[in-house]
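Source file target18.cif; content: mmCIF, C-alpha atoms and all ligand atoms.
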```cif
data_target
#
loop_
_atom_site.label_atom_id
_atom_site.label_comp_id
_atom_site.auth_asym_id
_atom_site.auth_seq_id
_atom_site.Cartn_x
_atom_site.Cartn_y
_atom_site.Cartn_z
CA MET A 1 -8.81 25.75 5.76
CA LYS A 2 -6.04 23.13 5.73
CA VAL A 3 -6.38 19.54 6.88
CA LEU A 4 -3.45 17.23 7.57
CA ILE A 5 -3.96 13.47 7.59
CA LYS A 6 -1.08 11.93 9.49
CA GLY A 7 0.37 8.45 9.73
CA GLY A 8 -1.96 6.60 7.38
CA ASP A 9 -1.10 3.73 5.08
CA LEU A 10 -1.95 5.07 1.61
CA ILE A 11 -3.29 2.72 -1.03
CA SER A 12 -3.80 4.50 -4.32
CA HIS A 13 -2.50 4.56 -7.88
CA SER A 14 0.18 7.18 -7.23
CA TYR A 15 1.16 6.48 -3.63
CA VAL A 16 1.38 3.22 -1.68
CA GLY A 17 2.81 3.20 1.84
CA LYS A 18 3.10 5.53 4.82
CA TYR A 19 2.59 9.15 3.73
CA ASP A 20 0.96 12.24 5.19
CA VAL A 21 -1.59 14.11 3.11
CA LEU A 22 -2.12 17.86 3.30
CA ILE A 23 -5.38 19.19 1.89
CA SER A 24 -5.96 22.85 1.16
CA ASP A 25 -9.18 24.46 -0.08
CA GLY A 26 -10.68 21.12 -0.98
CA ARG A 27 -7.71 19.81 -2.96
CA ILE A 28 -4.68 17.72 -2.14
CA GLU A 29 -1.76 20.12 -1.80
CA LYS A 30 1.01 17.77 -0.80
CA VAL A 31 1.70 14.07 -0.24
CA ALA A 32 4.96 13.38 1.60
CA LYS A 33 6.61 11.58 4.49
CA ASP A 34 6.27 13.36 7.85
CA ILE A 35 4.70 16.70 7.00
CA ASP A 36 5.23 19.06 9.96
CA ASN A 37 2.24 20.68 11.52
CA ASP A 38 3.70 23.99 12.69
CA ASN A 39 0.93 26.00 11.15
CA GLY A 40 -2.00 24.78 13.19
CA TYR A 41 -3.59 22.68 10.43
CA ARG A 42 -6.53 20.62 11.51
CA GLU A 43 -4.95 17.21 12.07
CA ILE A 44 -6.54 13.79 11.59
CA ASP A 45 -4.68 10.83 13.07
CA ALA A 46 -4.83 7.93 10.61
CA SER A 47 -2.18 5.73 12.20
CA GLY A 48 -3.00 2.05 11.90
CA CYS A 49 -5.50 2.84 9.12
CA PHE A 50 -5.60 2.58 5.36
CA VAL A 51 -6.19 5.79 3.44
CA PHE A 52 -7.94 5.25 0.10
CA PRO A 53 -9.05 7.70 -2.58
CA GLY A 54 -12.83 8.19 -2.28
CA PHE A 55 -14.42 5.20 -4.03
CA ILE A 56 -16.24 5.63 -7.34
CA ASP A 57 -19.20 3.28 -7.75
CA MET A 58 -20.37 3.37 -11.36
CA HIS A 59 -23.37 1.05 -10.93
CA THR A 60 -26.07 1.84 -8.36
CA HIS A 61 -29.85 2.04 -8.22
CA LEU A 62 -31.05 4.94 -6.07
CA ARG A 63 -34.76 4.35 -6.81
CA GLU A 64 -35.73 8.01 -7.09
CA PRO A 65 -38.04 9.02 -8.71
CA GLY A 66 -40.82 6.48 -8.29
CA PHE A 67 -39.62 3.99 -5.70
CA GLU A 68 -38.81 6.24 -2.75
CA TYR A 69 -40.01 3.57 -0.33
CA ARG A 70 -36.90 1.57 -1.33
CA GLU A 71 -34.38 4.41 -1.39
CA THR A 72 -34.13 8.15 -1.94
CA LEU A 73 -31.23 10.26 -3.12
CA ASP A 74 -30.77 11.37 0.48
CA THR A 75 -30.54 7.87 1.98
CA GLY A 76 -28.58 6.47 -0.96
CA LEU A 77 -25.96 9.22 -0.96
CA LYS A 78 -25.56 8.93 2.83
CA ALA A 79 -25.14 5.16 2.50
CA ALA A 80 -22.44 5.89 -0.08
CA LEU A 81 -20.45 8.14 2.28
CA HIS A 82 -20.84 5.59 5.07
CA GLY A 83 -19.24 3.01 2.77
CA GLY A 84 -16.44 5.34 1.61
CA VAL A 85 -18.00 6.09 -1.79
CA THR A 86 -17.64 9.79 -2.69
CA THR A 87 -18.79 9.57 -6.32
CA LEU A 88 -21.46 7.27 -7.70
CA ALA A 89 -23.52 6.81 -10.84
CA CYS A 90 -27.19 5.89 -10.75
CA MET A 91 -28.99 3.75 -13.31
CA PRO A 92 -32.08 5.05 -15.11
CA ASN A 93 -34.55 2.26 -14.23
CA THR A 94 -36.74 4.54 -12.16
CA LEU A 95 -40.40 5.55 -12.66
CA PRO A 96 -40.45 7.54 -14.84
CA ALA A 97 -37.23 6.27 -16.41
CA ILE A 98 -34.35 8.73 -16.80
CA ASP A 99 -34.83 9.08 -20.54
CA ASN A 100 -34.98 12.86 -21.05
CA LYS A 101 -33.16 16.01 -19.98
CA ALA A 102 -35.76 17.08 -17.41
CA ASN A 103 -35.29 13.90 -15.41
CA VAL A 104 -31.50 14.13 -15.65
CA SER A 105 -31.59 17.73 -14.42
CA PHE A 106 -33.92 16.77 -11.57
CA LEU A 107 -31.44 14.18 -10.24
CA LEU A 108 -28.35 16.34 -10.72
CA GLY A 109 -29.96 19.41 -9.14
CA LYS A 110 -31.45 17.57 -6.20
CA SER A 111 -28.25 15.66 -5.44
CA LYS A 112 -26.20 18.89 -5.50
CA ASP A 113 -28.54 20.48 -2.96
CA LEU A 114 -27.97 17.56 -0.60
CA HIS A 115 -24.19 18.22 -0.37
CA LEU A 116 -23.38 14.56 0.19
CA ALA A 117 -21.57 12.32 -2.33
CA ASP A 118 -21.26 13.45 -5.99
CA LEU A 119 -23.93 11.91 -8.20
CA LEU A 120 -23.38 11.04 -11.86
CA VAL A 121 -26.38 10.12 -13.97
CA ILE A 122 -26.67 7.39 -16.61
CA GLY A 123 -29.39 8.05 -19.17
CA ALA A 124 -31.62 5.40 -20.72
CA ILE A 125 -30.79 4.05 -24.18
CA THR A 126 -34.43 3.74 -25.20
CA LYS A 127 -37.58 5.61 -24.26
CA ARG A 128 -39.13 4.23 -21.07
CA ARG A 129 -36.38 1.56 -21.29
CA GLU A 130 -38.72 -0.43 -23.52
CA GLY A 131 -36.05 -1.30 -26.08
CA LYS A 132 -38.17 0.04 -28.94
CA GLU A 133 -37.33 3.66 -29.69
CA LEU A 134 -34.08 5.52 -28.98
CA ALA A 135 -34.23 8.08 -26.19
CA ASN A 136 -33.00 11.60 -26.94
CA MET A 137 -29.38 10.91 -26.15
CA GLY A 138 -27.98 14.21 -27.42
CA GLU A 139 -30.32 16.20 -25.20
CA MET A 140 -29.38 14.05 -22.19
CA LYS A 141 -25.70 14.55 -22.91
CA MET A 142 -26.24 18.30 -22.78
CA ALA A 143 -28.02 17.85 -19.44
CA GLY A 144 -24.94 16.04 -18.12
CA VAL A 145 -25.22 12.24 -18.36
CA VAL A 146 -21.96 10.26 -18.35
CA ALA A 147 -23.17 7.12 -20.19
CA PHE A 148 -26.25 5.34 -21.52
CA SER A 149 -27.81 2.09 -20.33
CA ASP A 150 -31.15 0.30 -20.14
CA ASP A 151 -29.76 -1.59 -17.13
CA GLY A 152 -32.20 -3.98 -15.53
CA SER A 153 -33.32 -4.92 -19.03
CA PRO A 154 -31.33 -5.82 -22.11
CA VAL A 155 -31.84 -4.05 -25.45
CA THR A 156 -33.04 -7.19 -27.18
CA ASN A 157 -33.34 -5.76 -30.70
CA SER A 158 -29.85 -5.85 -32.26
CA HIS A 159 -30.71 -3.20 -34.84
CA ILE A 160 -31.78 -0.74 -32.14
CA MET A 161 -28.63 -1.50 -30.15
CA ARG A 162 -26.55 -0.83 -33.26
CA ARG A 163 -28.23 2.54 -33.81
CA ALA A 164 -27.84 3.42 -30.11
CA MET A 165 -24.13 2.65 -30.25
CA GLU A 166 -23.67 4.69 -33.43
CA TYR A 167 -25.49 7.62 -31.87
CA ALA A 168 -23.58 7.37 -28.57
CA LYS A 169 -20.31 7.24 -30.48
CA SER A 170 -21.16 10.41 -32.37
CA ILE A 171 -21.57 12.24 -29.05
CA ASP A 172 -18.59 10.46 -27.45
CA LEU A 173 -20.28 8.70 -24.51
CA PRO A 174 -20.05 4.99 -23.64
CA VAL A 175 -22.92 2.50 -23.66
CA ILE A 176 -23.24 0.21 -20.64
CA SER A 177 -24.87 -3.08 -21.55
CA HIS A 178 -26.89 -5.33 -19.27
CA CYS A 179 -26.34 -8.60 -21.13
CA GLU A 180 -29.15 -11.08 -20.73
CA VAL A 181 -31.01 -13.22 -23.24
CA THR A 182 -34.37 -13.22 -21.52
CA GLU A 183 -35.68 -16.18 -23.55
CA LEU A 184 -33.06 -18.20 -21.65
CA SER A 185 -33.25 -16.51 -18.25
CA ASN A 186 -36.96 -15.84 -17.75
CA GLY A 187 -38.40 -17.91 -14.94
CA GLY A 188 -34.96 -18.72 -13.52
CA HIS A 189 -33.71 -17.70 -10.08
CA MET A 190 -30.12 -18.91 -9.76
CA ARG A 191 -27.19 -20.14 -11.87
CA GLU A 192 -27.78 -23.45 -13.67
CA GLY A 193 -25.58 -26.22 -12.35
CA TRP A 194 -25.24 -28.93 -9.75
CA PHE A 195 -26.50 -26.73 -6.92
CA SER A 196 -29.60 -25.47 -8.73
CA THR A 197 -30.62 -29.09 -9.18
CA TYR A 198 -29.76 -29.95 -5.59
CA PHE A 199 -31.67 -26.96 -4.18
CA GLY A 200 -34.58 -27.45 -6.60
CA ILE A 201 -34.52 -23.89 -7.91
CA TYR A 202 -35.35 -23.13 -11.54
CA PRO A 203 -32.04 -22.15 -13.18
CA ILE A 204 -30.51 -19.57 -15.53
CA PRO A 205 -27.78 -20.95 -17.84
CA ASP A 206 -24.48 -19.02 -18.00
CA VAL A 207 -24.85 -18.51 -21.76
CA ALA A 208 -27.92 -16.32 -21.11
CA GLU A 209 -25.27 -13.71 -20.33
CA SER A 210 -22.40 -14.56 -22.68
CA ILE A 211 -24.53 -14.84 -25.85
CA MET A 212 -25.41 -11.16 -25.51
CA VAL A 213 -21.87 -10.23 -24.46
CA ALA A 214 -20.77 -11.69 -27.80
CA ARG A 215 -23.43 -9.76 -29.71
CA ASP A 216 -22.54 -6.44 -28.11
CA ILE A 217 -18.81 -6.96 -28.65
CA GLU A 218 -19.57 -7.51 -32.34
CA LEU A 219 -21.64 -4.33 -32.40
CA SER A 220 -18.78 -2.45 -30.74
CA TYR A 221 -16.50 -3.83 -33.46
CA LEU A 222 -18.95 -2.67 -36.11
CA THR A 223 -19.61 0.80 -34.72
CA GLY A 224 -16.34 1.57 -32.94
CA GLU A 225 -18.41 2.64 -29.92
CA ARG A 226 -16.97 2.34 -26.40
CA LEU A 227 -18.87 -0.54 -24.85
CA HIS A 228 -18.92 -1.30 -21.14
CA ILE A 229 -20.34 -4.68 -20.12
CA ALA A 230 -22.17 -4.49 -16.79
CA HIS A 231 -21.74 -7.12 -14.06
CA VAL A 232 -19.95 -9.98 -15.88
CA SER A 233 -20.40 -13.18 -13.91
CA THR A 234 -19.29 -16.13 -16.06
CA LYS A 235 -16.05 -17.50 -17.45
CA ARG A 236 -17.46 -17.42 -20.98
CA SER A 237 -18.16 -13.68 -20.70
CA VAL A 238 -14.64 -13.10 -19.37
CA SER A 239 -13.17 -15.11 -22.22
CA LEU A 240 -15.10 -13.12 -24.83
CA VAL A 241 -14.06 -9.78 -23.30
CA LYS A 242 -10.45 -10.91 -23.12
CA GLN A 243 -10.44 -11.83 -26.82
CA ALA A 244 -12.20 -8.59 -27.77
CA LYS A 245 -9.54 -6.56 -25.95
CA ARG A 246 -6.83 -8.50 -27.78
CA ASP A 247 -8.59 -7.66 -31.03
CA GLY A 248 -8.47 -3.98 -30.18
CA ILE A 249 -12.23 -3.58 -29.79
CA PRO A 250 -13.02 -0.74 -27.31
CA VAL A 251 -14.62 -2.93 -24.64
CA THR A 252 -14.41 -2.66 -20.86
CA CYS A 253 -16.30 -4.52 -18.15
CA GLU A 254 -17.12 -4.61 -14.47
CA VAL A 255 -17.84 -7.19 -11.80
CA THR A 256 -19.94 -6.63 -8.69
CA LEU A 257 -18.53 -7.18 -5.20
CA ASN A 258 -21.38 -9.66 -4.63
CA HIS A 259 -20.16 -11.94 -7.41
CA LEU A 260 -16.69 -11.94 -5.87
CA LEU A 261 -17.94 -12.81 -2.38
CA PHE A 262 -20.70 -15.38 -2.88
CA THR A 263 -21.33 -18.40 -5.09
CA ASP A 264 -24.34 -20.53 -6.07
CA GLU A 265 -23.40 -22.86 -3.23
CA ASP A 266 -24.23 -20.11 -0.71
CA LEU A 267 -27.92 -20.31 -1.61
CA PHE A 268 -28.32 -23.42 0.56
CA ASP A 269 -30.34 -21.32 3.05
CA TYR A 270 -32.62 -19.83 0.36
CA ASP A 271 -31.70 -16.37 1.69
CA THR A 272 -33.43 -13.88 -0.62
CA ASN A 273 -30.74 -11.32 0.29
CA LYS A 274 -28.41 -13.39 -1.88
CA LYS A 275 -30.77 -13.46 -4.85
CA VAL A 276 -29.25 -11.31 -7.55
CA ASN A 277 -29.19 -10.88 -11.32
CA PRO A 278 -26.98 -12.02 -12.99
CA PRO A 279 -27.11 -14.98 -10.61
CA LEU A 280 -24.23 -15.81 -8.27
CA PRO A 281 -21.43 -17.66 -10.08
CA THR A 282 -20.25 -21.20 -9.55
CA ARG A 283 -17.00 -21.44 -7.61
CA LYS A 284 -15.11 -22.24 -10.84
CA ASP A 285 -16.49 -19.12 -12.51
CA GLN A 286 -15.65 -17.05 -9.44
CA ASP A 287 -12.03 -18.18 -9.66
CA VAL A 288 -12.01 -16.96 -13.28
CA LEU A 289 -13.41 -13.60 -12.12
CA TYR A 290 -10.55 -13.30 -9.61
CA GLU A 291 -7.97 -14.05 -12.31
CA ALA A 292 -9.65 -11.56 -14.64
CA ILE A 293 -9.20 -8.78 -12.08
CA GLU A 294 -5.54 -9.68 -11.68
CA ASP A 295 -4.85 -9.70 -15.42
CA GLY A 296 -6.93 -6.59 -16.15
CA THR A 297 -9.66 -8.23 -18.24
CA ILE A 298 -12.12 -6.96 -15.64
CA ASP A 299 -11.63 -3.22 -15.37
CA ILE A 300 -13.78 -2.01 -12.51
CA LEU A 301 -15.59 -3.06 -9.33
CA VAL A 302 -19.12 -1.90 -8.53
CA THR A 303 -21.86 -2.66 -6.01
CA ASP A 304 -24.92 -2.80 -8.32
CA HIS A 305 -26.54 -1.41 -5.14
CA ALA A 306 -30.18 -2.53 -5.38
CA PRO A 307 -32.13 -1.67 -2.24
CA TYR A 308 -35.54 -3.25 -1.56
CA ALA A 309 -38.12 -2.84 1.19
CA PRO A 310 -38.39 -5.68 3.73
CA HIS A 311 -41.84 -6.76 2.51
CA GLU A 312 -40.40 -7.33 -0.98
CA LYS A 313 -37.55 -9.58 0.14
CA GLU A 314 -39.29 -11.39 3.02
CA VAL A 315 -41.04 -13.83 0.69
CA GLU A 316 -40.29 -17.24 -0.82
CA PHE A 317 -37.04 -17.36 -2.82
CA GLN A 318 -38.88 -17.80 -6.13
CA ARG A 319 -41.06 -14.75 -5.50
CA ALA A 320 -38.33 -12.37 -4.32
CA PRO A 321 -36.94 -9.67 -6.63
CA PHE A 322 -33.27 -9.76 -7.71
CA GLY A 323 -30.89 -7.35 -6.00
CA ILE A 324 -28.53 -6.71 -3.09
CA SER A 325 -28.01 -3.50 -1.12
CA GLY A 326 -24.32 -2.61 -1.06
CA LEU A 327 -23.32 1.04 -0.71
CA ASP A 328 -23.01 1.12 3.10
CA LEU A 329 -20.57 -1.77 2.97
CA PHE A 330 -18.48 -0.80 -0.07
CA SER A 331 -15.13 -0.54 1.77
CA ASN A 332 -15.88 -3.59 3.87
CA MET A 333 -16.84 -5.74 0.90
CA LEU A 334 -13.75 -4.69 -1.01
CA PHE A 335 -11.59 -5.55 1.99
CA GLU A 336 -13.39 -8.87 2.32
CA VAL A 337 -12.67 -9.66 -1.35
CA HIS A 338 -9.00 -9.05 -0.59
CA ARG A 339 -9.12 -11.36 2.42
CA ARG A 340 -10.90 -14.18 0.60
CA SER A 341 -9.25 -14.01 -2.83
CA GLY A 342 -5.76 -12.86 -1.92
CA ILE A 343 -5.90 -10.19 -4.64
CA GLY A 344 -3.70 -7.26 -3.59
CA MET A 345 -5.42 -4.25 -2.02
CA ARG A 346 -3.85 -1.84 -4.50
CA LYS A 347 -5.31 -3.72 -7.48
CA LEU A 348 -8.77 -3.77 -5.90
CA VAL A 349 -8.65 -0.12 -4.83
CA GLU A 350 -7.52 1.01 -8.29
CA ALA A 351 -10.41 -0.92 -9.85
CA ALA A 352 -12.81 1.20 -7.79
CA THR A 353 -11.01 4.55 -8.03
CA PHE A 354 -8.32 5.19 -10.64
CA VAL A 355 -9.74 3.02 -13.42
CA PRO A 356 -13.37 4.24 -13.31
CA ALA A 357 -12.08 7.84 -13.08
CA ARG A 358 -10.11 7.26 -16.28
CA LEU A 359 -12.94 5.45 -18.11
CA TYR A 360 -15.49 8.14 -17.30
CA ARG A 361 -13.00 11.02 -17.56
CA LEU A 362 -13.39 12.26 -14.00
CA GLU A 363 -10.26 14.38 -14.23
CA ASP A 364 -9.45 15.19 -10.60
CA LYS A 365 -10.79 12.08 -8.87
CA GLY A 366 -9.78 8.49 -8.20
CA ASP A 367 -6.25 8.98 -6.96
CA ILE A 368 -4.32 10.46 -4.05
CA LYS A 369 -1.99 12.94 -5.69
CA GLU A 370 -1.30 16.65 -5.73
CA ARG A 371 -4.14 18.81 -7.14
CA ASN A 372 -6.75 16.03 -7.04
CA LEU A 373 -9.91 16.64 -5.00
CA GLY A 374 -9.58 15.88 -1.29
CA ASP A 375 -11.96 12.88 -1.52
CA LEU A 376 -10.55 10.28 0.86
CA VAL A 377 -11.52 7.33 3.03
CA ILE A 378 -9.85 6.39 6.31
CA PHE A 379 -10.41 2.70 7.00
CA ASP A 380 -9.33 0.76 10.07
CA PRO A 381 -8.81 -2.89 9.04
CA THR A 382 -8.60 -4.13 12.64
CA GLN A 383 -11.96 -2.95 14.00
CA THR A 384 -15.02 -5.17 13.90
CA TRP A 385 -18.69 -4.26 14.22
CA GLU A 386 -22.07 -5.90 13.99
CA CYS A 387 -24.05 -5.08 10.86
CA LEU A 388 -27.40 -4.12 12.40
CA PRO A 389 -30.16 -2.74 10.13
CA GLU A 390 -30.29 0.60 11.99
CA ILE A 391 -26.57 1.20 11.34
CA LEU A 392 -27.09 1.18 7.57
CA TYR A 393 -28.09 4.52 6.05
CA SER A 394 -29.66 2.83 3.03
CA LYS A 395 -33.34 1.99 3.30
CA GLY A 396 -32.39 -1.35 1.74
CA LYS A 397 -31.32 -3.74 4.48
CA ASN A 398 -31.18 -6.58 1.95
CA THR A 399 -27.56 -7.64 2.31
CA PRO A 400 -26.27 -11.11 3.20
CA PHE A 401 -24.11 -9.36 5.83
CA ILE A 402 -27.09 -8.24 7.90
CA GLY A 403 -26.72 -9.42 11.50
CA LYS A 404 -23.17 -10.58 10.82
CA GLU A 405 -19.89 -9.42 12.29
CA ILE A 406 -18.03 -7.18 9.83
CA LYS A 407 -14.27 -6.89 9.63
CA GLY A 408 -12.82 -3.41 9.18
CA LYS A 409 -14.50 -0.06 9.61
CA VAL A 410 -14.70 3.28 7.82
CA ILE A 411 -13.43 5.79 10.38
CA ALA A 412 -14.02 8.85 8.25
CA THR A 413 -14.94 9.86 4.72
CA LEU A 414 -13.72 13.19 3.39
CA LYS A 415 -15.28 15.08 0.50
CA ASN A 416 -13.36 18.06 -0.88
CA GLY A 417 -11.16 17.95 2.20
CA GLU A 418 -14.02 18.03 4.71
CA ILE A 419 -15.10 15.21 6.95
CA VAL A 420 -18.58 14.31 5.72
CA TYR A 421 -18.91 11.03 7.59
CA ASP A 422 -17.32 10.24 10.93
CA ALA A 423 -17.71 6.86 12.64
CA GLU A 424 -18.43 8.50 15.98
CA GLU A 425 -20.39 11.57 14.90
CA GLY A 426 -22.26 10.11 11.94
CA MET A 427 -23.07 12.32 8.95
CA MET A 428 -21.48 15.75 9.19
CA ARG A 429 -22.73 18.90 7.60
CA ARG A 430 -20.49 20.41 4.93
CA VAL A 431 -19.54 24.06 5.07
CA GLU A 432 -21.07 24.74 1.63
CA GLU A 433 -24.31 23.20 2.85
CA ILE A 434 -24.36 25.44 5.91
CA GLU A 435 -23.64 28.45 3.72
CA ALA A 436 -26.45 27.51 1.37
CA ARG A 437 -29.01 27.79 4.19
ZN ZN B 501 -27.96 -4.96 -14.71
#
```
Write out the structure in this file as structure tokens.
Ligand SMILES: [Zn+2]
Amino acid sequence: MKVLIKGGDLISHSYVGKYDVLISDGRIEKVAKDIDNDNGYREIDASGCFVFPGFIDMHTHLREPGFEYRETLDTGLKAALHGGVTTLACMPNTLPAIDNKANVSFLLGKSKDLHLADLLVIGAITKRREGKELANMGEMKMAGVVAFSDDGSPVTNSHIMRRAMEYAKSIDLPVISHCEVTELSNGGHMREGWFSTYFGIYPIPDVAESIMVARDIELSYLTGERLHIAHVSTKRSVSLVKQAKRDGIPVTCEVTLNHLLFTDEDLFDYDTNKKVNPPLPTRKDQDVLYEAIEDGTIDILVTDHAPYAPHEKEVEFQRAPFGISGLDLFSNMLFEVHRRSGIGMRKLVEAATFVPARLYRLEDKGDIKERNLGDLVIFDPTQTWECLPEILYSKGKNTPFIGKEIKGKVIATLKNGEIVYDAEEGMMRRVEEIEAR
């Protein structure tokens, strides 16, 4: 079956501007101006819309196994397609933790059977994510993990982190570090500064993050291991990563869309949907994050999708857990970052497609070009809609955008050349899924 996407405004690494895209047997066959449709291809009109490569979100929490009341693979992967995300990686802080091959296989097998977005799995660095004993990383690599992380918790013991990085290097997989010195952050709920004092909320100093960023950069220098710093949120962290890159240390980093859209000042209403870890940056730090995307110090954009049940977030600010739901709104949040920061769409799109595909060696993803998979998003920047809880596929309605008017809309998401989400029809069934029944 061939699908022709006509009249769209492509934003990708290889093509920017008005091009038609012809997809054949799940892969992009041709990208060109004005492709004729004499052969009865199925045609999708994308005029007035952006066409992006399917987004790749390398930092999400899908809560399964163990916390299915917050999210399941089914709801999380549907939320992804709704937001234009066709490939995503889930963190191992589940119950039980993803620290062995059986749990990795469970997630990979179950997600394949759902025929929604492609799931990648990140294995734990240490058993039960306790930071004490290395997990069996080699066995998890054979089961298919793409990286290791104890995300949600730091590996506090530097010796164990060193051994983990040596081991991960020997099997050629990156380590993703959640950098947080808990002796400095424990008991805090927002970034330390003028606003934390004004709002009377116990604070977390910025160095709680950057001290551990510095440690892990030094360990990357020592071991030669590819290190990826999760969710950088301070100017000191950015500065350390920038210097490390200059020094030739194999370090990359990410920022979440939340940290690009909100600041500590936005907590004036004590909205628990804006409570996140690391805490929201000051405006000055946010400006540094914007610059760091422009100059390439920050490599990729992620959601850090962290869904919670209403009863967990509808409590006092101090008692609420950290985390923001984000997958449903991926395209919208990225577009909003563009509108607020002025950073070019191509730069932002590449940071959520081409660059993560390169870092995690996803050969045929992350770009619109011949022979890549037909994973695409059609996004209308002019439409607006109201973000009502029932519209979100995620069980987590904990986003600051809830109840708000949203600018721009995903019209369709294609996976392997098939429409899997359609704004009017909702989730569509894929041919391979129908055949599997
Ligand atoms: Zn984290």
For stretch 10-115 of chain A versus stretch 150-156 of chain A, which residues have an atom no more than 10 Å away, and what is each residue's nearest atom pair and distance in Å rounded to one decimal, using all atoms listed in the file, chain-then-number order, as JSON lines?
```
{"residue": "A:His59", "atom": "CA", "partner": "A:Asp151", "partner_atom": "CA", "distance": 9.3}
{"residue": "A:His61", "atom": "CA", "partner": "A:Asp151", "partner_atom": "CA", "distance": 9.6}
{"residue": "A:Met91", "atom": "CA", "partner": "A:Asp151", "partner_atom": "CA", "distance": 6.6}
{"residue": "A:Pro92", "atom": "CA", "partner": "A:Asp150", "partner_atom": "CA", "distance": 7.0}
{"residue": "A:Asn93", "atom": "CA", "partner": "A:Gly152", "partner_atom": "CA", "distance": 6.8}
{"residue": "A:Ala97", "atom": "CA", "partner": "A:Asp150", "partner_atom": "CA", "distance": 9.3}
{"residue": "A:Ile98", "atom": "CA", "partner": "A:Asp150", "partner_atom": "CA", "distance": 9.6}
{"residue": "A:Asp99", "atom": "CA", "partner": "A:Asp150", "partner_atom": "CA", "distance": 9.5}
```
* **One-decimal distance in Å that lies between atom CA of A:Leu114 and atom CA of A:Asn372** =>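 Atom CA of A:Asn372 sits 22.2 Å away from atom CA of A:Leu114.
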Quick one: contact table of chain A to ligand ZN 501 (chain B), 12 Å max, nearest atom pair and distance in Å to one decimal per residue, counting only C-alpha atoms and all ligand atoms, chain and number order, as a tab-separated table?
```
residue	atom	partner	partner_atom	distance
A:Met58	CA	B:ZN501	ZN	11.8
A:His59	CA	B:ZN501	ZN	8.5
A:Thr60	CA	B:ZN501	ZN	9.5
A:His61	CA	B:ZN501	ZN	9.7
A:Cys90	CA	B:ZN501	ZN	11.6
A:Met91	CA	B:ZN501	ZN	8.9
A:Pro92	CA	B:ZN501	ZN	10.8
A:Asn93	CA	B:ZN501	ZN	9.8
A:Ser149	CA	B:ZN501	ZN	9.0
A:Asp150	CA	B:ZN501	ZN	8.2
A:Asp151	CA	B:ZN501	ZN	4.5
A:Gly152	CA	B:ZN501	ZN	4.4
A:Ser153	CA	B:ZN501	ZN	6.9
A:Pro154	CA	B:ZN501	ZN	8.2
A:Val155	CA	B:ZN501	ZN	11.5
A:Ile176	CA	B:ZN501	ZN	9.2
A:Ser177	CA	B:ZN501	ZN	7.7
A:His178	CA	B:ZN501	ZN	4.7
A:Cys179	CA	B:ZN501	ZN	7.6
A:Glu180	CA	B:ZN501	ZN	8.7
A:Glu209	CA	B:ZN501	ZN	10.7
A:His228	CA	B:ZN501	ZN	11.7
A:Ile229	CA	B:ZN501	ZN	9.3
A:Ala230	CA	B:ZN501	ZN	6.2
A:His231	CA	B:ZN501	ZN	6.6
A:Val232	CA	B:ZN501	ZN	9.5
A:Ser233	CA	B:ZN501	ZN	11.2
A:Glu254	CA	B:ZN501	ZN	10.8
A:Val255	CA	B:ZN501	ZN	10.8
A:Thr256	CA	B:ZN501	ZN	10.2
A:Val276	CA	B:ZN501	ZN	9.7
A:Asn277	CA	B:ZN501	ZN	6.9
A:Pro278	CA	B:ZN501	ZN	7.3
A:Pro279	CA	B:ZN501	ZN	10.9
A:Val302	CA	B:ZN501	ZN	11.2
A:Thr303	CA	B:ZN501	ZN	10.9
A:Asp304	CA	B:ZN501	ZN	7.4
A:His305	CA	B:ZN501	ZN	10.3
A:Ala306	CA	B:ZN501	ZN	9.9
A:Phe322	CA	B:ZN501	ZN	10.0
A:Gly323	CA	B:ZN501	ZN	9.5
A:Ile324	CA	B:ZN501	ZN	11.8
```
Selection file, C-alpha atoms, as a compact mmCIF listing (two decimals), in the frame of the given file:
```txt
# COMPACT_ATOMS: atom_id res chain seq x y z
CA MET A 58 -20.37 3.37 -11.36
CA HIS A 59 -23.37 1.05 -10.93
CA THR A 60 -26.07 1.84 -8.36
CA HIS A 61 -29.85 2.04 -8.22
CA CYS A 90 -27.19 5.89 -10.75
CA MET A 91 -28.99 3.75 -13.31
CA PRO A 92 -32.08 5.05 -15.11
CA ASN A 93 -34.55 2.26 -14.23
CA SER A 149 -27.81 2.09 -20.33
CA ASP A 150 -31.15 0.30 -20.14
CA ASP A 151 -29.76 -1.59 -17.13
CA GLY A 152 -32.20 -3.98 -15.53
CA SER A 153 -33.32 -4.92 -19.03
CA PRO A 154 -31.33 -5.82 -22.11
CA VAL A 155 -31.84 -4.05 -25.45
CA ILE A 176 -23.24 0.21 -20.64
CA SER A 177 -24.87 -3.08 -21.55
CA HIS A 178 -26.89 -5.33 -19.27
CA CYS A 179 -26.34 -8.60 -21.13
CA GLU A 180 -29.15 -11.08 -20.73
CA GLU A 209 -25.27 -13.71 -20.33
CA HIS A 228 -18.92 -1.30 -21.14
CA ILE A 229 -20.34 -4.68 -20.12
CA ALA A 230 -22.17 -4.49 -16.79
CA HIS A 231 -21.74 -7.12 -14.06
CA VAL A 232 -19.95 -9.98 -15.88
CA SER A 233 -20.40 -13.18 -13.91
CA GLU A 254 -17.12 -4.61 -14.47
CA VAL A 255 -17.84 -7.19 -11.80
CA THR A 256 -19.94 -6.63 -8.69
CA VAL A 276 -29.25 -11.31 -7.55
CA ASN A 277 -29.19 -10.88 -11.32
CA PRO A 278 -26.98 -12.02 -12.99
CA PRO A 279 -27.11 -14.98 -10.61
CA VAL A 302 -19.12 -1.90 -8.53
CA THR A 303 -21.86 -2.66 -6.01
CA ASP A 304 -24.92 -2.80 -8.32
CA HIS A 305 -26.54 -1.41 -5.14
CA ALA A 306 -30.18 -2.53 -5.38
CA PHE A 322 -33.27 -9.76 -7.71
CA GLY A 323 -30.89 -7.35 -6.00
CA ILE A 324 -28.53 -6.71 -3.09
```
